[in-house]
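One file, my_file-v4.txt, carrying compact mmCIF, C-alpha atoms:
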```txt
# COMPACT_ATOMS: atom_id res chain seq x y z
CA MET A 1 208.44 65.95 133.35
CA THR A 2 209.25 66.46 129.83
CA GLY A 3 207.27 68.31 127.21
CA PHE A 4 205.21 70.73 129.17
CA SER A 5 202.38 71.81 126.91
CA LYS A 6 201.78 75.39 126.42
CA VAL A 7 199.44 76.83 128.96
CA ALA A 8 196.35 78.34 127.32
CA VAL A 9 195.88 81.91 128.20
CA TYR A 10 192.60 82.49 129.92
CA ARG A 11 190.89 85.14 131.89
CA GLN A 12 188.82 84.27 134.83
CA GLU A 13 185.58 86.05 135.61
CA LEU A 14 186.17 87.31 139.03
CA PRO A 15 184.34 89.79 141.21
CA PRO A 16 185.52 93.31 140.76
CA ARG A 17 188.09 94.91 143.02
CA GLY A 18 186.48 95.74 146.28
CA GLY A 19 183.67 93.35 145.85
CA PHE A 20 180.28 93.68 144.27
CA THR A 21 178.05 96.62 144.93
CA PRO A 22 175.51 95.87 147.63
CA ILE A 23 172.18 94.47 146.45
CA PRO A 24 169.21 96.53 147.65
CA TRP A 25 167.12 93.94 149.40
CA ALA A 26 165.22 96.19 151.84
CA ARG A 27 161.52 96.90 151.34
CA VAL A 28 160.62 100.04 149.39
CA PRO A 29 157.11 101.21 150.21
CA SER A 30 155.07 102.60 147.26
CA ARG A 31 154.35 106.26 146.77
CA ARG A 32 151.21 107.28 148.55
CA ILE A 33 149.00 110.28 148.22
CA PRO A 34 146.56 111.39 150.86
CA LEU A 35 142.93 110.31 150.39
CA TRP A 36 141.20 112.99 152.45
CA PRO A 37 141.32 115.78 149.80
CA PHE A 38 139.45 113.66 147.30
CA VAL A 39 136.87 112.39 149.76
CA SER A 40 136.20 115.86 151.09
CA LEU A 41 135.88 117.27 147.59
CA TRP A 42 133.44 114.52 146.62
CA LEU A 43 131.33 115.02 149.72
CA ALA A 44 131.28 118.78 149.22
CA SER A 45 130.23 118.44 145.59
CA ASN A 46 127.52 116.00 146.60
CA ILE A 47 126.08 118.32 149.22
CA PHE A 48 126.37 121.41 147.09
CA GLY A 49 125.08 119.58 144.00
CA TYR A 50 122.03 118.28 145.83
CA PHE A 51 120.74 121.75 146.59
CA TYR A 52 121.81 123.15 143.25
CA HIS A 53 120.07 120.33 141.41
CA ILE A 54 116.85 120.96 143.29
CA SER A 55 116.87 124.66 142.46
CA GLU A 56 117.72 123.89 138.83
CA LYS A 57 114.82 121.46 138.62
CA ARG A 58 112.48 124.13 139.91
CA GLU A 59 113.75 126.59 137.33
CA TYR A 60 113.51 123.98 134.57
CA TRP A 61 109.89 123.18 135.33
CA ARG A 62 109.12 126.89 135.56
CA ASN A 63 110.41 127.34 132.03
CA GLU A 64 108.51 124.30 130.81
CA MET A 65 105.31 125.65 132.35
CA GLU A 66 105.86 128.92 130.58
CA LEU A 67 106.19 127.17 127.24
CA ASP A 68 103.03 125.16 127.83
CA GLU A 69 101.12 128.25 128.88
CA SER A 70 102.17 130.13 125.79
CA ARG A 71 100.91 127.26 123.68
CA SER A 72 97.58 127.30 125.50
CA CYS A 73 97.30 131.03 124.92
CA ILE A 74 97.91 130.65 121.20
CA GLU A 75 95.53 127.73 120.79
CA PRO A 76 92.31 129.65 120.00
CA VAL A 77 93.92 131.68 117.21
CA LEU A 78 95.26 128.61 115.48
CA LEU A 79 92.12 126.59 116.08
CA ALA A 80 89.90 129.27 114.54
CA GLU A 81 92.08 129.51 111.46
CA GLN A 82 92.34 125.75 111.20
CA ASP A 83 88.57 125.39 111.35
CA ARG A 84 88.08 127.86 108.55
CA ILE A 85 90.71 126.26 106.35
CA VAL A 86 89.33 122.82 106.96
CA LEU A 87 85.75 123.83 106.24
CA ARG A 88 86.83 125.54 103.04
CA GLN A 89 88.67 122.40 102.00
CA TYR A 90 85.67 120.20 102.78
CA ARG A 91 83.51 122.33 100.57
CA ALA A 92 86.03 122.27 97.77
CA ASN A 93 86.40 118.50 98.09
CA ARG A 94 82.67 117.99 97.94
CA ASP A 95 82.33 120.09 94.81
CA GLU A 96 85.29 118.36 93.23
CA GLU A 97 83.89 114.96 94.04
CA ALA A 98 80.57 115.92 92.50
CA LYS A 99 82.40 116.91 89.34
CA LEU A 100 84.55 113.79 89.24
CA MET A 101 81.89 111.21 89.95
CA SER A 102 79.13 112.82 87.92
CA ASP A 103 79.37 110.13 85.29
CA VAL A 104 79.46 107.15 87.65
CA PRO A 105 76.01 105.60 87.92
CA GLY A 106 74.67 105.10 91.41
CA TRP A 107 77.16 107.38 93.12
CA GLU A 108 76.01 109.97 95.62
CA VAL A 109 78.53 112.48 96.75
CA GLY A 110 79.94 111.65 100.17
CA THR A 111 78.68 108.08 100.21
CA TRP A 112 79.94 104.74 99.11
CA PHE A 113 77.32 103.98 96.51
CA GLY A 114 74.58 105.10 98.84
CA SER A 115 75.83 104.09 102.29
CA LYS A 116 76.89 107.12 104.27
CA VAL A 117 79.89 107.52 106.53
CA PHE A 118 77.99 109.55 109.11
CA LYS A 119 74.59 108.04 109.67
CA SER A 120 73.26 110.88 111.75
CA ARG A 121 72.15 113.97 109.98
CA THR A 122 73.18 116.25 112.84
CA TYR A 123 76.72 114.97 113.42
CA PHE A 124 79.76 116.83 112.21
CA PRO A 125 83.32 115.75 113.05
CA ASP A 126 85.03 117.91 115.57
CA ARG A 127 88.56 117.25 114.44
CA PRO A 128 89.65 117.11 110.81
CA HIS A 129 90.42 113.73 109.38
CA VAL A 130 93.26 113.02 106.99
CA LEU A 131 91.01 111.44 104.37
CA ASP A 132 88.46 114.20 104.52
CA TYR A 133 91.09 116.86 104.02
CA TYR A 134 93.55 115.16 101.70
CA GLY A 135 91.19 112.73 100.06
CA LEU A 136 91.23 114.31 96.65
CA ALA A 137 94.75 115.73 96.75
CA ARG A 138 97.49 114.40 94.55
CA PRO A 139 100.37 112.66 96.38
CA SER A 140 102.77 115.53 95.73
CA ASN A 141 100.46 117.84 97.65
CA GLN A 142 99.92 115.29 100.38
CA ARG A 143 103.66 115.07 100.88
CA LEU A 144 103.89 118.81 101.50
CA ASP A 145 102.44 118.41 104.97
CA ILE A 146 104.44 115.45 106.20
CA ASN A 147 106.23 117.68 108.65
CA ALA A 148 103.05 119.32 109.87
CA GLY A 149 103.10 117.01 112.87
CA GLN A 150 106.46 118.46 113.90
CA TRP A 151 105.36 122.07 113.75
CA GLN A 152 105.08 123.69 117.10
CA VAL A 153 104.25 127.15 118.25
CA MET B 2 84.96 113.32 101.20
CA SER B 3 82.48 111.94 103.68
CA PHE B 4 80.04 114.82 103.51
CA THR B 5 76.92 114.47 101.45
CA LYS B 6 74.84 117.20 99.91
CA ASP B 7 72.65 117.15 103.01
CA THR B 8 75.39 118.30 105.37
CA LYS B 9 75.41 122.04 105.68
CA LEU B 10 78.86 123.38 105.10
CA PRO B 11 79.37 127.12 105.43
CA SER B 12 79.89 128.93 102.16
CA TYR B 13 83.09 130.55 101.06
CA GLU B 14 81.71 134.00 101.92
CA ASP B 15 80.90 132.90 105.45
CA LEU B 16 84.45 131.73 105.93
CA GLU B 17 86.11 134.87 104.67
CA CYS B 18 88.27 136.41 107.33
CA PRO B 19 91.60 138.20 107.42
CA VAL B 20 94.51 135.98 108.36
CA VAL B 21 96.62 136.63 111.43
CA ASN B 22 99.75 137.24 109.39
CA VAL B 23 102.27 136.69 112.16
CA SER B 24 105.07 134.15 112.36
CA SER B 25 105.28 131.58 115.11
CA PRO B 26 108.05 133.18 117.20
CA ALA B 27 106.11 136.44 117.20
CA LEU B 28 102.99 134.57 118.23
CA ARG B 29 104.83 132.96 121.08
CA ALA B 30 106.41 136.27 122.07
CA GLY B 31 103.09 138.03 122.37
CA SER B 32 101.10 135.05 123.62
CA PHE B 33 100.56 136.11 127.23
CA HIS B 34 99.57 139.66 126.45
CA LEU B 35 97.41 138.47 123.58
CA ALA B 36 95.52 136.10 125.85
CA LYS B 37 94.98 138.95 128.31
CA TYR B 38 93.84 141.37 125.62
CA CYS B 39 91.53 138.99 123.78
CA ASP B 40 90.42 137.06 126.84
CA LEU B 41 86.71 137.39 126.18
CA GLN B 42 86.80 136.31 122.57
CA PHE B 43 89.14 133.40 123.27
CA LYS B 44 86.99 132.09 126.07
CA GLU B 45 83.80 132.41 124.03
CA PHE B 46 85.34 130.56 121.15
CA MET B 47 86.77 127.75 123.24
CA LEU B 48 83.51 127.40 125.14
CA CYS B 49 81.58 127.21 121.91
CA ARG B 50 84.00 124.67 120.57
CA GLN B 51 83.82 122.52 123.64
CA GLU B 52 80.04 122.63 123.97
CA GLU B 53 78.94 122.31 120.40
CA GLN B 54 81.82 120.10 119.29
CA ASP B 55 81.14 121.41 115.82
CA PRO B 56 83.37 123.86 113.94
CA ARG B 57 80.50 124.99 111.74
CA LYS B 58 78.68 126.50 114.69
CA CYS B 59 81.65 128.49 115.94
CA VAL B 60 82.64 130.33 112.78
CA LYS B 61 81.48 133.70 114.09
CA GLU B 62 83.38 133.35 117.35
CA GLY B 63 86.43 132.24 115.38
CA LYS B 64 86.22 135.39 113.31
CA ASP B 65 86.06 137.46 116.49
CA VAL B 66 89.17 135.67 117.72
CA SER B 67 91.11 136.33 114.53
CA LEU B 68 90.05 139.96 114.33
CA CYS B 69 90.98 140.55 117.96
CA ALA B 70 94.39 138.94 117.43
CA ILE B 71 95.00 141.12 114.37
CA ASP B 72 93.93 144.16 116.36
CA PHE B 73 96.34 143.27 119.15
CA PHE B 74 99.32 142.83 116.86
CA ARG B 75 98.48 146.05 115.09
CA LYS B 76 98.47 147.80 118.43
CA VAL B 77 101.82 146.26 119.34
CA ARG B 78 103.25 147.35 116.01
CA ASP B 79 102.06 150.88 116.61
CA THR B 80 103.39 151.27 120.13
CA CYS B 81 105.94 148.67 121.14
CA ASN B 82 107.42 147.55 117.86
CA ASP B 83 111.15 147.71 118.73
CA THR B 84 111.07 145.73 121.93
CA PHE B 85 108.66 143.23 120.43
CA THR B 86 110.83 142.72 117.37
CA THR B 87 114.00 142.20 119.40
CA PHE B 88 112.11 139.79 121.60
CA TRP B 89 110.77 137.60 118.89
CA THR B 90 113.96 137.60 116.85
CA CYS B 91 115.78 136.55 120.00
CA LEU B 92 113.28 133.72 120.47
CA ASP B 93 113.70 132.73 116.86
CA ASN B 94 117.47 132.46 117.33
CA ALA B 95 117.22 130.47 120.55
CA SER B 96 119.22 127.27 120.54
CA GLU B 97 117.82 124.12 118.94
CA GLY B 98 114.87 126.00 117.53
CA GLU B 99 112.99 125.57 120.76
CA MET B 100 112.00 129.21 121.27
CA GLY B 101 112.43 128.83 124.99
CA PHE B 102 111.82 131.90 127.10
CA HIS B 103 114.82 131.38 129.36
CA TYR B 104 117.18 132.42 126.57
CA CYS B 105 115.60 135.83 126.22
CA LYS B 106 114.82 137.05 129.70
CA LYS B 107 116.19 140.54 129.14
CA GLU B 108 114.21 141.17 125.99
CA GLN B 109 111.14 139.74 127.64
CA HIS B 110 111.46 142.15 130.54
CA ALA B 111 111.92 145.03 128.13
CA PHE B 112 108.83 144.10 126.17
CA GLU B 113 106.75 143.59 129.29
CA GLN B 114 107.81 146.97 130.61
CA CYS B 115 106.88 148.62 127.32
CA ALA B 116 103.53 146.85 127.26
CA LYS B 117 102.78 147.95 130.80
CA ASP B 118 103.75 151.55 130.13
CA LYS B 119 102.36 152.20 126.70
CA MET B 120 99.63 149.66 126.08
CA ASN B 121 98.51 149.38 129.69
CA LEU B 122 98.64 145.60 129.40
CA GLU B 123 100.09 143.69 132.31
CA ARG B 124 101.05 140.10 131.84
CA PRO B 125 99.42 137.80 134.42
CA GLU B 126 101.56 135.84 136.86
CA PRO B 127 103.40 132.81 135.49
CA GLY B 128 100.98 130.16 136.74
CA TYR B 129 97.81 131.94 135.65
CA PHE B 130 97.14 130.24 132.37
CA SER B 131 97.61 126.74 133.75
CA MET B 132 94.76 127.16 136.15
CA VAL B 133 91.10 126.61 135.44
CA ARG B 134 89.40 129.86 134.55
CA MET B 135 85.73 130.56 134.82
CA HIS B 136 83.79 132.37 132.19
CA ASP B 137 80.49 134.13 132.55
CA THR B 138 78.66 134.14 129.29
CA LYS B 139 75.33 134.94 127.72
CA ARG B 140 75.68 132.07 125.28
CA PRO B 141 72.60 129.88 125.22
CA VAL B 142 73.10 126.34 126.29
CA PRO B 143 73.24 123.98 123.33
CA SER B 144 70.17 121.87 123.18
CA ASP B 145 71.70 118.73 121.75
CA PRO B 146 72.63 116.64 124.79
CA PHE B 147 74.41 113.99 122.78
CA ARG B 148 76.88 116.46 121.36
CA ALA B 149 77.54 118.37 124.55
CA GLY B 150 81.15 118.46 125.63
CA SER B 151 80.69 119.39 129.27
CA LEU B 152 77.84 117.84 131.14
CA GLU B 153 77.90 119.85 134.32
CA ARG B 154 76.43 123.06 133.01
CA HIS B 155 73.41 121.49 131.43
CA PRO B 156 72.45 117.96 132.38
CA PRO B 157 70.92 116.31 129.35
CA LYS B 158 67.17 116.13 129.39
CA LEU B 159 66.43 112.79 127.90
CA GLU B 160 62.88 111.91 127.23
CA VAL B 161 63.33 108.22 127.18
CA PRO B 162 60.69 106.48 125.12
CA ASN B 163 59.92 102.86 125.33
CA PRO B 164 62.19 100.55 123.44
CA PRO B 165 60.81 99.48 120.08
CA THR B 166 58.60 96.47 119.93
CA LEU B 167 59.02 93.75 117.39
CA SER B 168 56.20 95.21 115.32
CA GLN B 169 58.36 98.29 114.76
CA ALA B 170 61.20 96.16 113.48
CA ASN B 171 60.93 97.61 110.00
CA GLU B 172 61.57 101.10 111.31
CA TYR B 173 64.05 100.21 114.02
CA PRO B 174 65.84 97.06 112.97
CA GLU B 175 67.70 96.97 116.27
CA ALA B 176 64.54 95.64 117.85
CA ARG B 177 65.21 92.33 116.23
CA ILE B 178 68.60 91.94 117.72
CA GLY B 179 68.31 93.94 120.89
CA MET B 180 71.94 95.00 120.54
CA LYS B 181 73.13 98.36 119.31
CA PHE B 182 76.69 99.36 118.52
CA GLY B 183 77.76 95.79 118.28
CA SER B 184 78.20 93.95 121.56
CA ARG B 185 79.89 96.81 123.38
CA LYS B 186 76.88 97.65 125.40
CA PRO B 187 73.39 96.28 125.34
CA TRP B 188 70.61 98.25 123.78
CA VAL B 189 68.95 100.21 126.51
CA PHE B 190 66.64 102.68 124.87
CA GLU B 191 65.89 104.12 121.50
CA ALA B 192 66.09 107.86 121.94
CA LYS B 193 66.11 108.96 118.34
CA LEU B 194 69.87 109.16 118.26
CA TRP B 195 69.81 109.72 114.54
CA ASP B 196 67.13 112.11 113.47
```

Starting from the coordinates I provided, produce the structure as structure tokens.
Amino acid sequence: MTGFSKVAVYRQELPPRGGFTPIPWARVPSRRIPLWPFVSLWLASNIFGYFYHISEKREYWRNEMELDESRSCIEPVLLAEQDRIVLRQYRANRDEEAKLMSDVPGWEVGTWFGSKVFKSRTYFPDRPHVLDYYGLARPSNQRLDINAGQWQV
Amino acid sequence: MSFTKDTKLPSYEDLECPVVNVSSPALRAGSFHLAKYCDLQFKEFMLCRQEEQDPRKCVKEGKDVSLCAIDFFRKVRDTCNDTFTTFWTCLDNASEGEMGFHYCKKEQHAFEQCAKDKMNLERPEPGYFSMVRMHDTKRPVPSDPFRAGSLERHPPKLEVPNPPTLSQANEYPEARIGMKFGSRKPWVFEAKLWD
């Protein structure tokens, strides 16, 4: 027993004094909130909304009817003015065409070298046609009325 | 562009008429009372338009319509101008440019009250103008059955002649083929459709 080596100094990892703290192993139920408030609110809004929606629909269609009726009431005024404007334009177009095509041989005004658009002598178009109205207009004037289809009264 | 010298277009003097110088929200604002005030002229014009199907034949009725509308708006301007102006400016400022009446109920009530008091014009109930309205008129029935719009009032009196024989093929070339208007419907009779 000679030559004891030096003992290395070490520190053991031991549990703390008094032991470890207890590990929580019991079940922890999750937080819960009651369902009945939400369900009752949803049901109430459904029931209330059903009747409200029906009354709103009635009111909506009442307003729509009013708009349609106002348009029907206005229609004769606009139609009369439109007729006059259109007839004036037809006359102006016819005169202009006579002036333009006066030097073209074989051209009769309103026909395609003799063959007419309207074969009957008593027919007149009820509604104005784009070509009849804008036929002799320059493109810059034609473009003025692009939005005419969107006009509403 | 498709009218020859034979077609009778009314002259510029015939078409002279004062313009209803009223903007669209004002037109919409006064529409119901206007239709009540000018009921006769409107109905005559629309009847003429539907029966004759020809704008040239309804120029006089159209002038009556325009003059009556101008008269109405002049009357409104003389008596109920304030309420009418607030009403149609409110309609003009309605959201989305729709000019819906439900945005301006108060002004509408004010204008209706004024119209009832001062102009003695009561606006008909809301569903009135959607219903079919009858019109008693002295207008003569148009004689052209092929251009009639409504067939109930005057059933067309067609004197149906015999169809053309082959010997008349020079005059009525359809006799050769026996088909008119393409093959949509067979040729049934030649009733002088084009005179």

Worksheet item: atom CA of B:Glu108 to atom CA of A:Asn63: how many Å, to one decimal?
Response: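 Rounded to one decimal, the two atoms are 15.6 Å apart.
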
Discussion item. Would you mind listing, as JSON, numbers by chain, all residues of chain A that have at least one atom within 8 Å of chain B, where only C-alpha atoms are what counts?
Written reply: {"A": [63, 65, 66, 67, 69, 70, 71, 72, 73, 74, 76, 77, 80, 81, 83, 84, 87, 88, 90, 91, 93, 94, 97, 108, 109, 110, 111, 116, 117, 118, 119, 120, 121, 122, 124, 125, 126, 131, 132, 133, 135, 136, 153]}

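Atom pair atom CA of A:Tyr52 / atom CA of B:Pro125: separated by 28.2 Å.
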
Worksheet entry | Separation of atom CA of A:Leu78 from atom CA of B:Glu97 in Å | 23.3 Å

Discussion item. Using all atoms listed in the file, which protein or nucleic acid residues come within 12 Å of A:Trp107? Drop anything in the same chain fewer than 5 positions from it, and give the result as number ranges by chain.
Written reply: A: 97-102, 112-116; B: 5

Written-out stretch 61-90 of chain A (N, CA, C and O atoms) as a PDB file, in the first residue's frame:
```
ATOM      1  N   TRP A  61     -88.818  45.202 -52.916  1.00  0.00           N
ATOM      2  CA  TRP A  61     -89.569  45.104 -54.164  1.00  0.00           C
ATOM      3  C   TRP A  61     -90.526  46.256 -54.322  1.00  0.00           C
ATOM      4  O   TRP A  61     -90.796  46.687 -55.453  1.00  0.00           O
ATOM      5  N   ARG A  62     -91.008  46.817 -53.201  1.00  0.00           N
ATOM      6  CA  ARG A  62     -91.844  48.016 -53.308  1.00  0.00           C
ATOM      7  C   ARG A  62     -91.061  49.154 -53.926  1.00  0.00           C
ATOM      8  O   ARG A  62     -91.552  49.878 -54.810  1.00  0.00           O
ATOM      9  N   ASN A  63     -89.812  49.324 -53.462  1.00  0.00           N
ATOM     10  CA  ASN A  63     -89.001  50.397 -54.026  1.00  0.00           C
ATOM     11  C   ASN A  63     -88.675  50.142 -55.487  1.00  0.00           C
ATOM     12  O   ASN A  63     -88.667  51.068 -56.305  1.00  0.00           O
ATOM     13  N   GLU A  64     -88.406  48.882 -55.831  1.00  0.00           N
ATOM     14  CA  GLU A  64     -88.108  48.574 -57.221  1.00  0.00           C
ATOM     15  C   GLU A  64     -89.308  48.870 -58.115  1.00  0.00           C
ATOM     16  O   GLU A  64     -89.170  49.414 -59.217  1.00  0.00           O
ATOM     17  N   MET A  65     -90.496  48.512 -57.611  1.00  0.00           N
ATOM     18  CA  MET A  65     -91.719  48.782 -58.379  1.00  0.00           C
ATOM     19  C   MET A  65     -91.879  50.270 -58.615  1.00  0.00           C
ATOM     20  O   MET A  65     -92.283  50.703 -59.702  1.00  0.00           O
ATOM     21  N   GLU A  66     -91.532  51.045 -57.577  1.00  0.00           N
ATOM     22  CA  GLU A  66     -91.695  52.485 -57.727  1.00  0.00           C
ATOM     23  C   GLU A  66     -90.776  53.033 -58.818  1.00  0.00           C
ATOM     24  O   GLU A  66     -91.176  53.866 -59.635  1.00  0.00           O
ATOM     25  N   LEU A  67     -89.534  52.507 -58.832  1.00  0.00           N
ATOM     26  CA  LEU A  67     -88.613  52.955 -59.870  1.00  0.00           C
ATOM     27  C   LEU A  67     -89.124  52.589 -61.254  1.00  0.00           C
ATOM     28  O   LEU A  67     -89.082  53.408 -62.183  1.00  0.00           O
ATOM     29  N   ASP A  68     -89.614  51.359 -61.390  1.00  0.00           N
ATOM     30  CA  ASP A  68     -90.115  50.935 -62.697  1.00  0.00           C
ATOM     31  C   ASP A  68     -91.305  51.773 -63.129  1.00  0.00           C
ATOM     32  O   ASP A  68     -91.427  52.145 -64.306  1.00  0.00           O
ATOM     33  N   GLU A  69     -92.181  52.071 -62.160  1.00  0.00           N
ATOM     34  CA  GLU A  69     -93.361  52.862 -62.514  1.00  0.00           C
ATOM     35  C   GLU A  69     -92.979  54.254 -62.938  1.00  0.00           C
ATOM     36  O   GLU A  69     -93.574  54.815 -63.864  1.00  0.00           O
ATOM     37  N   SER A  70     -91.966  54.823 -62.265  1.00  0.00           N
ATOM     38  CA  SER A  70     -91.579  56.177 -62.663  1.00  0.00           C
ATOM     39  C   SER A  70     -91.017  56.171 -64.073  1.00  0.00           C
ATOM     40  O   SER A  70     -91.253  57.086 -64.866  1.00  0.00           O
ATOM     41  N   ARG A  71     -90.304  55.087 -64.423  1.00  0.00           N
ATOM     42  CA  ARG A  71     -89.790  55.000 -65.783  1.00  0.00           C
ATOM     43  C   ARG A  71     -90.914  54.868 -66.794  1.00  0.00           C
ATOM     44  O   ARG A  71     -90.871  55.470 -67.872  1.00  0.00           O
ATOM     45  N   SER A  72     -91.946  54.101 -66.425  1.00  0.00           N
ATOM     46  CA  SER A  72     -93.082  53.973 -67.352  1.00  0.00           C
ATOM     47  C   SER A  72     -93.792  55.305 -67.527  1.00  0.00           C
ATOM     48  O   SER A  72     -94.282  55.614 -68.607  1.00  0.00           O
ATOM     49  N   CYS A  73     -93.862  56.081 -66.453  1.00  0.00           N
ATOM     50  CA  CYS A  73     -94.546  57.370 -66.546  1.00  0.00           C
ATOM     51  C   CYS A  73     -93.788  58.318 -67.446  1.00  0.00           C
ATOM     52  O   CYS A  73     -94.386  59.131 -68.150  1.00  0.00           O
ATOM     53  N   ILE A  74     -92.460  58.236 -67.419  1.00  0.00           N
ATOM     54  CA  ILE A  74     -91.645  59.177 -68.183  1.00  0.00           C
ATOM     55  C   ILE A  74     -91.618  58.806 -69.648  1.00  0.00           C
ATOM     56  O   ILE A  74     -91.404  59.649 -70.505  1.00  0.00           O
ATOM     57  N   GLU A  75     -91.870  57.513 -69.928  1.00  0.00           N
ATOM     58  CA  GLU A  75     -91.622  56.989 -71.271  1.00  0.00           C
ATOM     59  C   GLU A  75     -92.226  57.802 -72.412  1.00  0.00           C
ATOM     60  O   GLU A  75     -91.529  58.067 -73.396  1.00  0.00           O
ATOM     61  N   PRO A  76     -93.492  58.258 -72.323  1.00  0.00           N
ATOM     62  CA  PRO A  76     -94.031  58.985 -73.481  1.00  0.00           C
ATOM     63  C   PRO A  76     -93.288  60.266 -73.796  1.00  0.00           C
ATOM     64  O   PRO A  76     -93.084  60.593 -74.979  1.00  0.00           O
ATOM     65  N   VAL A  77     -92.851  60.986 -72.751  1.00  0.00           N
ATOM     66  CA  VAL A  77     -92.140  62.255 -72.991  1.00  0.00           C
ATOM     67  C   VAL A  77     -90.875  61.992 -73.795  1.00  0.00           C
ATOM     68  O   VAL A  77     -90.607  62.626 -74.812  1.00  0.00           O
ATOM     69  N   LEU A  78     -90.107  61.009 -73.316  1.00  0.00           N
ATOM     70  CA  LEU A  78     -88.844  60.732 -73.980  1.00  0.00           C
ATOM     71  C   LEU A  78     -89.058  60.161 -75.368  1.00  0.00           C
ATOM     72  O   LEU A  78     -88.313  60.484 -76.304  1.00  0.00           O
ATOM     73  N   LEU A  79     -90.088  59.315 -75.500  1.00  0.00           N
ATOM     74  CA  LEU A  79     -90.334  58.701 -76.806  1.00  0.00           C
ATOM     75  C   LEU A  79     -90.710  59.749 -77.843  1.00  0.00           C
ATOM     76  O   LEU A  79     -90.239  59.725 -78.984  1.00  0.00           O
ATOM     77  N   ALA A  80     -91.560  60.720 -77.422  1.00  0.00           N
ATOM     78  CA  ALA A  80     -91.966  61.762 -78.364  1.00  0.00           C
ATOM     79  C   ALA A  80     -90.755  62.567 -78.824  1.00  0.00           C
ATOM     80  O   ALA A  80     -90.572  62.824 -80.022  1.00  0.00           O
ATOM     81  N   GLU A  81     -89.916  62.939 -77.857  1.00  0.00           N
ATOM     82  CA  GLU A  81     -88.745  63.733 -78.233  1.00  0.00           C
ATOM     83  C   GLU A  81     -87.789  62.927 -79.097  1.00  0.00           C
ATOM     84  O   GLU A  81     -87.206  63.447 -80.059  1.00  0.00           O
ATOM     85  N   GLN A  82     -87.651  61.634 -78.736  1.00  0.00           N
ATOM     86  CA  GLN A  82     -86.753  60.789 -79.518  1.00  0.00           C
ATOM     87  C   GLN A  82     -87.239  60.662 -80.950  1.00  0.00           C
ATOM     88  O   GLN A  82     -86.445  60.725 -81.899  1.00  0.00           O
ATOM     89  N   ASP A  83     -88.561  60.484 -81.114  1.00  0.00           N
ATOM     90  CA  ASP A  83     -89.103  60.370 -82.468  1.00  0.00           C
ATOM     91  C   ASP A  83     -88.777  61.598 -83.292  1.00  0.00           C
ATOM     92  O   ASP A  83     -88.340  61.499 -84.455  1.00  0.00           O
ATOM     93  N   ARG A  84     -88.978  62.759 -82.671  1.00  0.00           N
ATOM     94  CA  ARG A  84     -88.744  63.988 -83.442  1.00  0.00           C
ATOM     95  C   ARG A  84     -87.283  64.125 -83.825  1.00  0.00           C
ATOM     96  O   ARG A  84     -86.957  64.478 -84.967  1.00  0.00           O
ATOM     97  N   ILE A  85     -86.410  63.838 -82.868  1.00  0.00           N
ATOM     98  CA  ILE A  85     -84.973  63.953 -83.159  1.00  0.00           C
ATOM     99  C   ILE A  85     -84.577  62.998 -84.282  1.00  0.00           C
ATOM    100  O   ILE A  85     -83.833  63.357 -85.209  1.00  0.00           O
ATOM    101  N   VAL A  86     -85.100  61.792 -84.176  1.00  0.00           N
ATOM    102  CA  VAL A  86     -84.720  60.762 -85.135  1.00  0.00           C
ATOM    103  C   VAL A  86     -85.223  61.117 -86.524  1.00  0.00           C
ATOM    104  O   VAL A  86     -84.502  60.986 -87.523  1.00  0.00           O
ATOM    105  N   LEU A  87     -86.467  61.609 -86.592  1.00  0.00           N
ATOM    106  CA  LEU A  87     -87.007  61.973 -87.906  1.00  0.00           C
ATOM    107  C   LEU A  87     -86.235  63.138 -88.511  1.00  0.00           C
ATOM    108  O   LEU A  87     -85.961  63.165 -89.718  1.00  0.00           O
ATOM    109  N   ARG A  88     -85.860  64.097 -87.659  1.00  0.00           N
ATOM    110  CA  ARG A  88     -85.055  65.204 -88.162  1.00  0.00           C
ATOM    111  C   ARG A  88     -83.733  64.700 -88.716  1.00  0.00           C
ATOM    112  O   ARG A  88     -83.271  65.129 -89.786  1.00  0.00           O
ATOM    113  N   GLN A  89     -83.126  63.763 -87.993  1.00  0.00           N
ATOM    114  CA  GLN A  89     -81.838  63.229 -88.424  1.00  0.00           C
ATOM    115  C   GLN A  89     -81.962  62.448 -89.719  1.00  0.00           C
ATOM    116  O   GLN A  89     -81.088  62.523 -90.587  1.00  0.00           O
ATOM    117  N   TYR A  90     -83.075  61.694 -89.857  1.00  0.00           N
ATOM    118  CA  TYR A  90     -83.276  60.952 -91.096  1.00  0.00           C
ATOM    119  C   TYR A  90     -83.342  61.897 -92.288  1.00  0.00           C
ATOM    120  O   TYR A  90     -82.761  61.657 -93.352  1.00  0.00           O
TER     121      TYR A  90
END
```
